[in-house]
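Novice: TSV, C-alpha atoms and all ligand atoms, saved as model00.tsv, coming up:
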chain	number	residue	atom	x	y	z
T	1135	MET	CA	0.00	0.00	0.00
T	1136	ALA	CA	1.49	3.33	-1.01
T	1137	VAL	CA	0.90	6.27	1.32
T	1138	PRO	CA	2.24	9.23	-0.63
T	1139	GLY	CA	3.02	12.45	1.15
T	1140	SER	CA	1.37	15.55	-0.21
T	1141	ALA	CA	3.69	18.42	0.67
T	1142	ASP	CA	7.11	19.05	-0.78
T	1143	HIS	CA	8.57	20.75	2.24
T	1144	ILE	CA	11.80	19.74	3.89
T	1145	THR	CA	12.63	20.81	7.42
T	1146	GLY	CA	15.87	20.62	9.33
T	1147	GLY	CA	18.06	22.37	6.77
T	1148	ALA	CA	20.93	24.71	7.32
T	1149	ALA	CA	18.79	27.84	7.55
T	1150	GLY	CA	19.72	29.96	10.51
T	1151	ARG	CA	23.11	28.37	11.21
T	1152	ALA	CA	25.19	30.04	8.53
T	1153	GLY	CA	27.24	33.10	9.29
T	1154	ARG	CA	27.84	32.58	13.03
T	1155	PRO	CA	31.54	33.19	13.70
T	1156	GLY	CA	33.38	30.03	14.65
T	1157	VAL	CA	30.39	27.79	13.95
T	1158	ARG	CA	30.86	25.42	11.05
T	1159	ASP	CA	27.74	25.03	8.93
T	1160	GLN	CA	26.93	21.33	9.23
T	1161	GLY	CA	23.70	21.51	7.27
T	1162	PRO	CA	23.10	19.16	4.37
T	1163	ALA	CA	24.68	19.89	1.02
T	1164	ALA	CA	21.61	20.51	-1.12
T	1165	SER	CA	22.77	18.44	-4.08
T	1166	ARG	CA	25.19	15.76	-2.85
T	1167	MET	CA	22.57	13.03	-3.37
T	1168	ALA	CA	20.88	14.56	-6.43
T	1169	GLY	CA	19.91	11.88	-8.93
T	1170	ARG	CA	20.14	9.10	-6.35
T	1171	ARG	CA	17.20	6.73	-5.83
T	1172	ALA	CA	16.94	5.70	-2.18
T	1173	LEU	CA	15.00	3.04	-0.30
T	1174	VAL	CA	14.79	3.21	3.51
T	1175	SER	CA	13.42	0.33	5.58
T	1176	GLY	CA	12.03	1.30	8.97
T	1177	GLY	CA	11.42	4.74	7.49
T	1178	ALA	CA	8.37	5.59	9.60
T	1179	SER	CA	10.28	6.35	12.80
T	1180	GLY	CA	13.56	7.21	14.49
T	1181	ILE	CA	16.82	6.85	12.56
T	1182	GLY	CA	15.07	5.63	9.40
T	1183	LEU	CA	12.78	8.65	9.36
T	1184	ALA	CA	15.70	11.03	10.04
T	1185	THR	CA	17.54	9.45	7.11
T	1186	VAL	CA	14.52	9.92	4.84
T	1187	ARG	CA	14.58	13.60	5.78
T	1188	ARG	CA	18.34	13.94	5.28
T	1189	LEU	CA	18.34	12.13	1.93
T	1190	ARG	CA	15.48	14.35	0.70
T	1191	ALA	CA	17.30	17.46	1.94
T	1192	GLU	CA	20.39	16.41	-0.04
T	1193	GLY	CA	18.43	15.97	-3.25
T	1194	ALA	CA	17.69	12.21	-3.41
T	1195	GLN	CA	14.37	10.67	-4.35
T	1196	VAL	CA	13.27	8.46	-1.46
T	1197	VAL	CA	10.80	5.65	-0.89
T	1198	ALA	CA	10.33	4.37	2.66
T	1199	ILE	CA	9.06	0.97	3.73
T	1200	ASP	CA	7.82	0.04	7.17
T	1201	ARG	CA	5.40	-2.45	8.64
T	1202	ARG	CA	3.23	0.43	9.78
T	1203	PRO	CA	2.53	3.70	7.95
T	1204	PRO	CA	3.92	6.89	9.45
T	1205	ALA	CA	1.71	9.41	11.17
T	1206	PRO	CA	-0.09	11.49	8.48
T	1207	GLU	CA	1.75	14.68	9.46
T	1208	LEU	CA	5.11	12.90	9.00
T	1209	ALA	CA	4.05	11.54	5.62
T	1210	ARG	CA	3.13	15.08	4.57
T	1211	GLU	CA	6.35	16.56	5.95
T	1212	THR	CA	8.76	14.09	4.38
T	1213	ALA	CA	6.86	13.99	1.06
T	1214	ALA	CA	8.29	10.51	0.48
T	1215	PRO	CA	6.07	7.63	-0.66
T	1216	PHE	CA	5.67	4.95	2.02
T	1217	LEU	CA	5.10	1.30	1.22
T	1218	VAL	CA	3.76	-0.95	3.95
T	1219	ALA	CA	5.87	-4.11	4.07
T	1220	ASP	CA	7.18	-6.55	6.66
T	1221	VAL	CA	10.92	-7.02	6.05
T	1222	THR	CA	10.79	-10.59	7.38
T	1223	ARG	CA	8.52	-11.69	4.51
T	1224	ALA	CA	10.29	-12.39	1.24
T	1225	HIS	CA	7.15	-11.68	-0.84
T	1226	ASP	CA	6.54	-8.34	0.88
T	1227	VAL	CA	10.16	-7.37	0.27
T	1228	ALA	CA	10.14	-8.41	-3.40
T	1229	ASP	CA	6.89	-6.48	-4.01
T	1230	ALA	CA	8.21	-3.42	-2.15
T	1231	VAL	CA	11.47	-3.33	-4.11
T	1232	THR	CA	9.56	-3.70	-7.41
T	1233	GLN	CA	7.12	-0.92	-6.45
T	1234	ALA	CA	9.96	1.29	-5.22
T	1235	SER	CA	11.83	0.81	-8.51
T	1236	THR	CA	8.73	1.95	-10.40
T	1237	LEU	CA	8.22	4.98	-8.15
T	1238	LEU	CA	11.91	5.92	-8.35
T	1239	GLY	CA	12.31	5.31	-12.09
T	1240	GLY	CA	14.93	2.60	-11.58
T	1241	PRO	CA	16.27	0.25	-8.92
T	1242	PRO	CA	17.24	1.93	-5.63
T	1243	ASP	CA	20.96	2.79	-5.70
T	1244	VAL	CA	20.91	3.75	-2.02
T	1245	LEU	CA	19.52	1.38	0.60
T	1246	LEU	CA	19.30	1.92	4.34
T	1247	ASN	CA	18.28	-1.14	6.35
T	1248	ALA	CA	16.91	0.49	9.53
T	1249	ALA	CA	13.91	-1.71	10.37
T	1250	GLY	CA	14.53	-3.25	13.77
T	1251	ILE	CA	13.23	-4.10	17.21
T	1252	TYR	CA	14.84	-4.02	20.65
T	1253	ARG	CA	13.61	-6.25	23.45
T	1254	MET	CA	15.12	-6.85	26.89
T	1255	ARG	CA	15.00	-10.30	28.46
T	1256	PRO	CA	17.56	-12.01	30.72
T	1257	LEU	CA	19.13	-14.97	28.96
T	1258	LEU	CA	17.67	-17.55	31.36
T	1259	GLU	CA	14.13	-16.26	30.61
T	1260	LEU	CA	14.57	-15.73	26.86
T	1261	THR	CA	12.21	-17.91	24.82
T	1262	PRO	CA	13.01	-19.39	21.39
T	1263	ALA	CA	10.09	-17.37	19.95
T	1264	GLU	CA	11.57	-14.09	21.27
T	1265	TRP	CA	14.99	-15.07	19.90
T	1266	ASP	CA	13.50	-15.92	16.49
T	1267	GLU	CA	11.43	-12.71	16.22
T	1268	THR	CA	14.44	-10.47	16.90
T	1269	LEU	CA	16.76	-12.39	14.58
T	1270	ALA	CA	14.06	-12.41	11.87
T	1271	ILE	CA	13.51	-8.65	11.84
T	1272	ASN	CA	17.02	-7.38	12.56
T	1273	LEU	CA	19.10	-9.90	10.60
T	1274	ARG	CA	16.91	-11.81	8.12
T	1275	GLY	CA	15.18	-8.52	7.19
T	1276	SER	CA	18.51	-6.85	6.34
T	1277	PHE	CA	19.48	-9.91	4.29
T	1278	LEU	CA	16.19	-10.03	2.36
T	1279	VAL	CA	16.02	-6.33	1.50
T	1280	GLY	CA	19.74	-6.14	0.72
T	1281	GLN	CA	19.57	-9.19	-1.53
T	1282	ALA	CA	16.51	-7.88	-3.44
T	1283	VAL	CA	18.07	-4.45	-4.00
T	1284	ALA	CA	21.48	-5.83	-5.00
T	1285	ALA	CA	19.87	-8.27	-7.44
T	1286	ALA	CA	17.93	-5.43	-9.09
T	1287	LEU	CA	21.09	-3.29	-9.36
T	1288	ILE	CA	23.20	-6.13	-10.73
T	1289	ASP	CA	20.48	-7.01	-13.28
T	1290	ALA	CA	20.58	-3.40	-14.47
T	1291	SER	CA	24.42	-3.21	-14.32
T	1292	LEU	CA	24.18	-0.25	-11.94
T	1293	PRO	CA	26.38	0.63	-8.93
T	1294	GLY	CA	24.95	1.43	-5.51
T	1295	ALA	CA	25.55	1.82	-1.79
T	1296	ILE	CA	23.93	-0.07	1.07
T	1297	VAL	CA	24.08	0.94	4.74
T	1298	ASN	CA	22.97	-1.53	7.41
T	1299	ILE	CA	22.26	-0.51	10.99
T	1300	ALA	CA	24.08	-2.65	13.53
T	1301	SER	CA	24.65	-1.40	17.09
T	1302	THR	CA	27.30	-0.95	19.75
T	1303	ALA	CA	25.44	-3.90	21.34
T	1304	ALA	CA	27.19	-6.03	18.72
T	1305	LEU	CA	30.53	-4.93	20.19
T	1306	VAL	CA	30.05	-4.80	23.96
T	1307	ALA	CA	27.80	-6.60	26.45
T	1308	ASP	CA	25.75	-4.84	29.13
T	1309	ALA	CA	24.36	-6.75	32.12
T	1310	ALA	CA	22.02	-3.84	32.93
T	1311	GLU	CA	20.22	-4.22	29.58
T	1312	PRO	CA	19.96	-7.99	28.97
T	1313	THR	CA	19.52	-8.30	25.22
T	1314	ALA	CA	21.43	-11.38	24.03
T	1315	HIS	CA	19.06	-11.91	21.07
T	1316	TYR	CA	19.42	-8.28	20.00
T	1317	ASN	CA	23.21	-8.31	20.44
T	1318	ALA	CA	23.51	-11.52	18.42
T	1319	SER	CA	21.31	-10.13	15.65
T	1320	LYS	CA	23.44	-6.99	15.40
T	1321	ALA	CA	26.73	-8.93	15.42
T	1322	GLY	CA	25.18	-10.87	12.55
T	1323	VAL	CA	24.44	-7.60	10.76
T	1324	ILE	CA	28.15	-6.68	10.92
T	1325	ALA	CA	29.17	-10.08	9.51
T	1326	LEU	CA	26.45	-9.80	6.85
T	1327	THR	CA	27.71	-6.32	5.92
T	1328	ARG	CA	31.26	-7.55	5.38
T	1329	GLN	CA	30.14	-10.50	3.28
T	1330	MET	CA	27.75	-8.40	1.17
T	1331	ALA	CA	30.59	-5.92	0.64
T	1332	VAL	CA	33.09	-8.43	-0.66
T	1333	GLU	CA	30.61	-10.41	-2.79
T	1334	TRP	CA	29.10	-7.31	-4.40
T	1335	ALA	CA	32.20	-5.10	-4.72
T	1336	PRO	CA	32.86	-6.43	-8.25
T	1337	HIS	CA	29.42	-5.03	-9.19
T	1338	GLY	CA	30.23	-1.55	-7.84
T	1339	ILE	CA	28.01	-1.96	-4.78
T	1340	ARG	CA	29.52	-0.69	-1.52
T	1341	VAL	CA	28.13	-2.01	1.76
T	1342	ASN	CA	28.83	-0.48	5.17
T	1343	ALA	CA	27.23	-0.42	8.60
T	1344	VAL	CA	26.78	2.05	11.42
T	1345	CYS	CA	26.84	1.02	15.07
T	1346	PRO	CA	24.72	3.57	16.94
T	1347	GLY	CA	25.12	3.90	20.69
T	1348	VAL	CA	22.31	5.43	22.79
T	1349	ILE	CA	20.17	7.40	20.37
T	1350	ASP	CA	17.08	9.37	21.30
T	1351	THR	CA	14.33	7.53	19.37
T	1352	PRO	CA	11.15	5.67	20.41
T	1353	MET	CA	13.29	2.49	20.67
T	1354	LEU	CA	15.52	3.87	23.45
T	1355	ARG	CA	14.99	2.30	26.91
T	1356	LEU	CA	18.01	3.87	28.69
T	1357	MET	CA	16.10	6.93	29.93
T	1358	ASP	CA	13.10	4.96	31.28
T	1359	ASP	CA	14.89	5.57	34.59
T	1360	PRO	CA	16.17	9.13	34.09
T	1361	VAL	CA	18.53	9.09	37.09
T	1362	ALA	CA	20.18	5.80	36.14
T	1363	GLY	CA	20.15	6.89	32.49
T	1364	GLN	CA	21.97	10.13	33.23
T	1365	ALA	CA	24.48	8.26	35.43
T	1366	TYR	CA	25.19	5.96	32.48
T	1367	LEU	CA	25.69	8.92	30.15
T	1368	ASP	CA	28.04	10.61	32.64
T	1369	SER	CA	30.21	7.55	33.19
T	1370	CYS	CA	29.99	5.52	29.96
T	1371	VAL	CA	29.60	8.06	27.14
T	1372	PRO	CA	32.56	10.45	26.74
T	1373	LEU	CA	30.35	13.07	25.05
T	1374	ARG	CA	27.97	12.71	28.05
T	1375	ARG	CA	24.68	12.87	26.17
T	1376	LEU	CA	22.34	10.87	23.99
T	1377	GLY	CA	22.86	10.98	20.25
T	1378	THR	CA	20.12	12.21	17.95
T	1379	ALA	CA	18.60	10.35	15.03
T	1380	ALA	CA	19.72	13.20	12.77
T	1381	GLU	CA	23.36	12.71	13.87
T	1382	VAL	CA	23.21	9.04	12.89
T	1383	ALA	CA	21.45	9.92	9.61
T	1384	ALA	CA	24.30	12.31	8.73
T	1385	VAL	CA	26.83	9.45	8.95
T	1386	ILE	CA	24.53	7.09	7.03
T	1387	VAL	CA	24.14	9.56	4.17
T	1388	PHE	CA	27.90	10.18	4.13
T	1389	LEU	CA	28.48	6.42	3.79
T	1390	ALA	CA	25.92	6.24	0.96
T	1391	SER	CA	27.39	9.25	-0.83
T	1392	ASP	CA	30.30	9.47	-3.24
T	1393	ASP	CA	32.27	11.16	-0.44
T	1394	ALA	CA	32.71	7.59	0.85
T	1395	ALA	CA	33.57	6.14	-2.57
T	1396	TYR	CA	36.58	4.16	-1.24
T	1397	LEU	CA	34.84	2.90	1.91
T	1398	THR	CA	33.30	-0.52	2.00
T	1399	ALA	CA	32.91	-3.34	4.57
T	1400	VAL	CA	33.29	-1.06	7.60
T	1401	ALA	CA	31.10	-0.73	10.70
T	1402	VAL	CA	31.30	2.82	12.03
T	1403	PRO	CA	30.42	3.45	15.69
T	1404	VAL	CA	28.20	6.54	16.09
T	1405	ASP	CA	28.24	6.41	19.85
T	1406	GLY	CA	29.69	9.53	21.48
T	1407	GLY	CA	32.86	7.54	22.14
T	1408	SER	CA	31.24	4.87	24.32
T	1409	THR	CA	33.02	1.89	22.75
T	1410	ALA	CA	36.42	3.54	23.33
T	1411	ILE	CA	36.26	3.27	27.14
T	1501	LIG	N1	17.81	4.03	19.16
T	1501	LIG	C1	18.97	3.48	19.51
T	1501	LIG	O1	19.52	3.80	20.58
T	1501	LIG	C2	19.63	2.47	18.60
T	1501	LIG	C3	20.93	2.04	18.94
T	1501	LIG	C4	21.56	1.11	18.14
T	1501	LIG	C5	20.93	0.63	17.00
T	1501	LIG	N2	19.68	1.06	16.69
T	1501	LIG	C6	19.06	0.49	15.49
T	1501	LIG	O2	18.63	1.52	14.63
T	1501	LIG	C7	17.57	1.02	13.82
T	1501	LIG	C8	16.43	2.02	13.88
T	1501	LIG	O3	15.95	2.06	15.23
T	1501	LIG	P1	15.25	3.35	15.86
T	1501	LIG	O4	15.99	3.67	17.09
T	1501	LIG	O5	15.06	4.38	14.82
T	1501	LIG	O6	13.87	2.68	16.33
T	1501	LIG	P2	12.35	2.97	15.95
T	1501	LIG	O7	11.56	2.02	16.75
T	1501	LIG	O8	12.06	4.42	16.07
T	1501	LIG	O9	12.27	2.57	14.40
T	1501	LIG	C9	12.29	1.24	13.96
T	1501	LIG	C10	11.31	1.10	12.80
T	1501	LIG	O10	11.39	-0.24	12.28
T	1501	LIG	C11	10.07	-0.63	11.93
T	1501	LIG	N3	9.96	-2.09	11.89
T	1501	LIG	C12	10.05	-2.96	12.93
T	1501	LIG	N4	9.85	-4.20	12.51
T	1501	LIG	C13	9.63	-4.13	11.17
T	1501	LIG	C14	9.36	-5.10	10.16
T	1501	LIG	N5	9.25	-6.42	10.45
T	1501	LIG	N6	9.20	-4.69	8.88
T	1501	LIG	C15	9.27	-3.38	8.58
T	1501	LIG	N7	9.52	-2.41	9.49
T	1501	LIG	C16	9.70	-2.80	10.77
T	1501	LIG	C17	9.20	-0.03	13.03
T	1501	LIG	O11	7.82	0.01	12.64
T	1501	LIG	C18	9.84	1.34	13.21
T	1501	LIG	O12	9.23	2.31	12.38
T	1501	LIG	C19	17.20	-0.35	14.38
T	1501	LIG	O13	17.79	-1.34	13.58
T	1501	LIG	C20	17.83	-0.34	15.74
T	1501	LIG	O14	18.13	-1.65	16.21
T	1501	LIG	C21	19.01	1.96	17.45
Any chance you could give the structure as structure tokens?
Ligand SMILES: NC(=O)c1ccc[n+]([C@@H]2O[C@H](COP(=O)([O-])OP(=O)(O)OC[C@H]3O[C@@H](n4cnc5c(N)ncnc54)[C@H](O)[C@@H]3O)[C@@H](O)[C@H]2O)c1

Specialist:
Amino acid sequence: MAVPGSADHITGGAAGRAGRPGVRDQGPAASRMAGRRALVSGGASGIGLATVRRLRAEGAQVVAIDRRPPAPELARETAAPFLVADVTRAHDVADAVTQASTLLGGPPDVLLNAAGIYRMRPLLELTPAEWDETLAINLRGSFLVGQAVAAALIDASLPGAIVNIASTAALVADAAEPTAHYNASKAGVIALTRQMAVEWAPHGIRVNAVCPGVIDTPMLRLMDDPVAGQAYLDSCVPLRRLGTAAEVAAVIVFLASDDAAYLTAVAVPVDGGSTAI
């Protein structure tokens, strides 16, 4: 089901930041992604939604897929068509990539795999069904969408760039947030990223990952207890704050852009320094 936005208005640009002495303008370059055709899974919320905005602001055409449509005001604001699809279902994914290719006028040459879930459960209480659900969405979903997009690009002899979202949870354990199934799924995403990168490099397709730390989106659980959350930020995050979805989106769009033309098979922490200590 397509849920097209109706307004062509982009927010969050560089307006208002330029010209302040000593402040570098970090707003999006208006044309860096011009001519690019982007597909964003998990595009209805959080980091996926921020990446839809950033890609649009940098000139790309964007189609988002998610298992639920975005709020109507978000659909209007991003002006990006949304396709409802469950990334764990191969048929949904194949249909979504075909529809996206039609809407974009060619196969997506930028893919962000952002669809994901985060569930806490101590290992001794974790059920096989909970394990399977998390692995299916976070890992199988990235495989299915990545495979469908790469196949379409290779069929058309076109290059492209894929960015998968892993997590710092793939790199470090945390007894306070028991998420073995999530951590394993995200470690799998890093391995998947490397393998996609080396198998598809001969076709001109680069594949990288980001490993976000604690990012302020609806998924975040850290600040459910604000006192403990702030204590964590003060002691475990050198920059001593949460990251924003827009800050992760900026790195994702860099990795997808030609500015990263010689980067493939890397997993970049976007974590305020937390994995360094
Ligand atoms: N927020 C953080 O602190 C953080 C940290 C590390 C990694 N991440 C990762 O970033 C990605 C985006 O997360 P977010 O923080 O923006 O969370 P979010 O909950 O705001 O967004 C996730 C989106 O994925 C969609 N989704 C879930 N299951 C789906 C499915 N089966 N098919 C299609 N869409 C599906 C949801 O509907 C939602 O819109 C996830 O992969 C997450 O694991 C987030």

Novice: With all atoms listed in the file as the atoms that count, which of T:Ala1401, T:Ala1314, T:Ile1339, T:Ala1325 lies nearest to Thr1268 of chain T?

Specialist: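 Of T:Ala1401, T:Ala1314, T:Ile1339, T:Ala1325, the one nearest Thr1268 of chain T is T:Ala1314, counting all atoms listed in the file.
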
Novice: Would you please work out which residue, of T:Arg1170, T:Arg1253, T:Arg1201, T:Arg1375, is nearest to Thr1222 of chain T when using only C-alpha atoms?

Specialist: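 That would be T:Arg1201, the residue with the smallest distance to Thr1222 of chain T.
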
Novice: In Å, rounded to a single decimal, give me how far atom CA of Leu1354 of chain T is from atom CA of Ile1181 of chain T.

Specialist: 11.4 Å

Novice: Give as a PyMOL selection string each residue that has an atom at most 12 Å from (22.4, -5.3, 30.6) in the file, counting all atoms listed in the file.

Specialist: chain T and resi 1253-1257+1303+1306-1314+1316-1317+1355-1356+1366

Novice: Quick one: distance from atom CA of Val1402 of chain T to atom CA of Gln1281 of chain T in Å, one decimal?

Specialist: 21.6 Å

Novice: Could you tell me, counting all atoms listed in the file, which protein and nucleic acid residues lie no more than 8 Å from ligand LIG 1501 (chain T), written as a ChimeraX atom specification?

Specialist: /T:1175-1183,1199-1204,1218-1223,1247-1252,1270-1272,1275,1299-1303,1316,1320,1345-1355,1377,1379

Novice: Find the residues near Leu1245 of chain T: any atom within 8 Å, counting only C-alpha atoms, skip ones fewer than 6 places away on the same chain, and give them as a ChimeraX atom specification.

Specialist: /T:1172-1175,1280,1283,1295-1297

Novice: Kindly indicate which residue among T:Gln1329, T:Asn1342, T:Ser1408, T:Gln1233 lies nearest to Leu1373 of chain T, using all atoms listed in the file for the distances.

Specialist: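 The closest residue to Leu1373 of chain T is T:Ser1408.
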
Novice: Mind filling out segment 1277-1304 of chain T with N, CA and C atoms and sending it as a tab-separated table (two decimals), keeping the file's coordinate frame?

Specialist:
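Below is the file that was written, rebuild03.tsv:
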chain	number	residue	atom	x	y	z
T	1277	PHE	N	19.08	-9.01	5.38
T	1277	PHE	CA	19.48	-9.91	4.29
T	1277	PHE	C	18.49	-9.83	3.13
T	1278	LEU	N	17.18	-9.96	3.44
T	1278	LEU	CA	16.19	-10.03	2.36
T	1278	LEU	C	16.15	-8.73	1.55
T	1279	VAL	N	16.12	-7.59	2.24
T	1279	VAL	CA	16.02	-6.33	1.50
T	1279	VAL	C	17.32	-6.07	0.75
T	1280	GLY	N	18.45	-6.34	1.39
T	1280	GLY	CA	19.74	-6.14	0.72
T	1280	GLY	C	19.87	-7.02	-0.51
T	1281	GLN	N	19.47	-8.27	-0.39
T	1281	GLN	CA	19.57	-9.19	-1.53
T	1281	GLN	C	18.69	-8.72	-2.69
T	1282	ALA	N	17.44	-8.30	-2.37
T	1282	ALA	CA	16.51	-7.88	-3.44
T	1282	ALA	C	17.03	-6.63	-4.15
T	1283	VAL	N	17.56	-5.69	-3.38
T	1283	VAL	CA	18.07	-4.45	-4.00
T	1283	VAL	C	19.34	-4.74	-4.81
T	1284	ALA	N	20.25	-5.52	-4.27
T	1284	ALA	CA	21.48	-5.83	-5.00
T	1284	ALA	C	21.17	-6.59	-6.29
T	1285	ALA	N	20.22	-7.52	-6.22
T	1285	ALA	CA	19.87	-8.27	-7.44
T	1285	ALA	C	19.34	-7.33	-8.51
T	1286	ALA	N	18.49	-6.37	-8.11
T	1286	ALA	CA	17.93	-5.43	-9.09
T	1286	ALA	C	19.04	-4.56	-9.69
T	1287	LEU	N	19.98	-4.11	-8.85
T	1287	LEU	CA	21.09	-3.29	-9.36
T	1287	LEU	C	21.98	-4.09	-10.32
T	1288	ILE	N	22.29	-5.31	-9.92
T	1288	ILE	CA	23.20	-6.13	-10.73
T	1288	ILE	C	22.53	-6.48	-12.06
T	1289	ASP	N	21.22	-6.76	-12.03
T	1289	ASP	CA	20.48	-7.01	-13.28
T	1289	ASP	C	20.57	-5.83	-14.24
T	1290	ALA	N	20.55	-4.62	-13.65
T	1290	ALA	CA	20.58	-3.40	-14.47
T	1290	ALA	C	22.00	-2.89	-14.69
T	1291	SER	N	23.01	-3.64	-14.20
T	1291	SER	CA	24.42	-3.21	-14.32
T	1291	SER	C	24.64	-1.82	-13.74
T	1292	LEU	N	24.04	-1.56	-12.59
T	1292	LEU	CA	24.18	-0.25	-11.94
T	1292	LEU	C	24.92	-0.39	-10.61
T	1293	PRO	N	25.73	0.64	-10.25
T	1293	PRO	CA	26.38	0.63	-8.93
T	1293	PRO	C	25.41	1.11	-7.84
T	1294	GLY	N	25.81	0.95	-6.59
T	1294	GLY	CA	24.95	1.43	-5.51
T	1294	GLY	C	25.68	1.38	-4.18
T	1295	ALA	N	24.98	1.82	-3.14
T	1295	ALA	CA	25.55	1.82	-1.79
T	1295	ALA	C	24.48	1.39	-0.80
T	1296	ILE	N	24.84	0.44	0.05
T	1296	ILE	CA	23.93	-0.07	1.07
T	1296	ILE	C	24.52	0.26	2.44
T	1297	VAL	N	23.66	0.72	3.34
T	1297	VAL	CA	24.08	0.94	4.74
T	1297	VAL	C	23.14	0.12	5.63
T	1298	ASN	N	23.73	-0.74	6.44
T	1298	ASN	CA	22.97	-1.53	7.41
T	1298	ASN	C	23.15	-0.92	8.80
T	1299	ILE	N	22.11	-1.02	9.62
T	1299	ILE	CA	22.26	-0.51	10.99
T	1299	ILE	C	22.52	-1.68	11.93
T	1300	ALA	N	23.73	-1.70	12.47
T	1300	ALA	CA	24.08	-2.65	13.53
T	1300	ALA	C	23.87	-1.94	14.85
T	1301	SER	N	24.79	-2.05	15.77
T	1301	SER	CA	24.65	-1.40	17.09
T	1301	SER	C	25.95	-1.59	17.87
T	1302	THR	N	26.19	-0.69	18.83
T	1302	THR	CA	27.30	-0.95	19.75
T	1302	THR	C	27.03	-2.22	20.57
T	1303	ALA	N	25.77	-2.65	20.63
T	1303	ALA	CA	25.44	-3.90	21.34
T	1303	ALA	C	26.06	-5.11	20.66
T	1304	ALA	N	26.47	-4.96	19.41
T	1304	ALA	CA	27.19	-6.03	18.72
T	1304	ALA	C	28.63	-6.12	19.20
